[in-house]
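S.K.: First the structure, then my questions, so here it is.
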Amino acid sequence: MRTWSQSLIAIVEYFAPTQFILSFDENCGPVEDILQLDDSKNVIGLNFPERMIAIANHQIYADWIYIWCLAHLADKHDAIKIILKKSLEYLPIYGTKLEFDKDNIINNLQRSKKNKLPMWLVLFPEGTVISESTRKKSKDYAERMNMQDNRYTLLPRSTGLRLCTTVLKDNVEYIYDFTIGYSGITSTDIPEEVHTIQSIFFFNRYPKQVHVHIRKYRIDSIPDESKLFDQWVLARWKEKDELMTRFYETNSFVTKDVATINVPIKLKNSILELAQIWIFLVPYLYLLKMVIARN
């Protein structure tokens, strides 16, 4: 998984070069405790927990790729588990690695607890990206429930997140909340129509900057009761919608007096080292193919 993950980072670095613009909410603690710096004060890594739940708004289908790149900065790219729509299982090359079988979520989480393995469990509570049809569904649901619909995010579903926090709350301390915005997208765009996976990696139309605003919450501070948990998640998404409004107006999630951190997406190890790993694996892939053919 580690080599596979590094190859994903390399693809972004060399075919869709992008930099993160990171900002941190005050509830994350001192920024200097989060950043890993080299002797020249360049950011070379991030300090995040070994085990955590991450939630994010879902702008484009490539969101998971950039969260994986963020995990690489924290040296957790081999520990990431992403719960996605079943349809994304069929993405070429990488899609087959991503599907987290819904029927096995509890078993997988219990096993990770038992083995005390590092884990970044990533969920998109909106369930899908914004489109004309999903925007209408979110609006219709808001009207039926006598709620106000969001403008730049979809109303979230809390069932999956509540299941994960219930299973993991005695083993995982924090939920990290990522709000993501992309350069090249305006307030009137449907984000997925601007930055598709095909356009990013095949047609040289990729975001030059990926803005991520990071917050964190102690899981034991979140109400357990179902309705209260729903309200908590809805409140977070209302805040996300307000952040997205600021982003489209100012091209930033934070005010000018708050520092942002610019970090290019790139491998920590050289592309040569990665190539050497894959070259080493090629003979074994051929042997595996021969074994499968004989059986």
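Starting from 1 in every chain, residues are counted up; chains themselves are A, B, ... following the order of the structure tokens, and ligands are numbered from 1 as listed.
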Hey, could you make a per-residue contact list for stretch 196-225 of chain A against stretch 173-188 of chain A with 6 Å as the cut-off, showing the nearest pair of atoms and its distance in Å to one decimal, counting only C-alpha atoms, sorted by chain and number, as CSV?

M.R.:
```
residue,atom,partner,partner_atom,distance
A:Pro207,CA,A:Ser183,CA,5.4
A:Gln209,CA,A:Ser183,CA,5.4
A:Val210,CA,A:Tyr182,CA,4.9
A:His211,CA,A:Gly181,CA,5.1
A:Val212,CA,A:Ile180,CA,4.7
A:His213,CA,A:Thr179,CA,5.1
A:Ile214,CA,A:Phe178,CA,4.9
A:Arg215,CA,A:Asp177,CA,5.0
A:Lys216,CA,A:Tyr176,CA,4.3
A:Tyr217,CA,A:Ile175,CA,5.2
A:Arg218,CA,A:Tyr174,CA,4.6
A:Ile219,CA,A:Tyr174,CA,5.4
```

S.K.: Would you list the contacts of stretch 69-76 of chain A as a PyMOL selection string, taking every protein, DNA or RNA residue within 10 Å and counting only C-alpha atoms, but skipping same-chain residues closer than 5 positions in sequence?

M.R.: chain A and resi 2+5-6+8-10+12-13+20+22+34-36+43-51+63-64+118-120+212+263-268

S.K.: Report as a PDB file with C-alpha atoms, in the first residue's frame all protein, DNA and RNA residues lying within 12 Å of A:Ala259, evaluated on only C-alpha atoms, omitting residues in the same chain fewer than 5 positions from it.

M.R.:
```
ATOM      1  CA  ILE A  21      -2.776  26.386   0.876  1.00  0.00           C
ATOM      2  CA  LEU A  22      -3.387  25.256   4.449  1.00  0.00           C
ATOM      3  CA  SER A  23      -5.091  27.150   7.240  1.00  0.00           C
ATOM      4  CA  PHE A  24      -5.822  25.970  10.753  1.00  0.00           C
ATOM      5  CA  ASP A  25      -8.641  26.786  13.128  1.00  0.00           C
ATOM      6  CA  GLU A  26      -7.597  27.851  16.607  1.00  0.00           C
ATOM      7  CA  VAL A  31       0.459  25.875  14.325  1.00  0.00           C
ATOM      8  CA  GLU A  32       4.156  25.468  15.160  1.00  0.00           C
ATOM      9  CA  HIS A 213      -9.058  24.712   6.186  1.00  0.00           C
ATOM     10  CA  SER A 252      -9.160  32.318   1.048  1.00  0.00           C
ATOM     11  CA  PHE A 253     -10.843  30.549   3.943  1.00  0.00           C
ATOM     12  CA  VAL A 254      -9.336  32.953   6.471  1.00  0.00           C
TER      13      VAL A 254
END
```

S.K.: Let me make sure I understand: among A:Glu143, A:Gln59, A:Arg151, A:Ile197, which one has the smallest atom-to-atom distance to A:Thr245 if we use only C-alpha atoms?

M.R.: A:Arg151
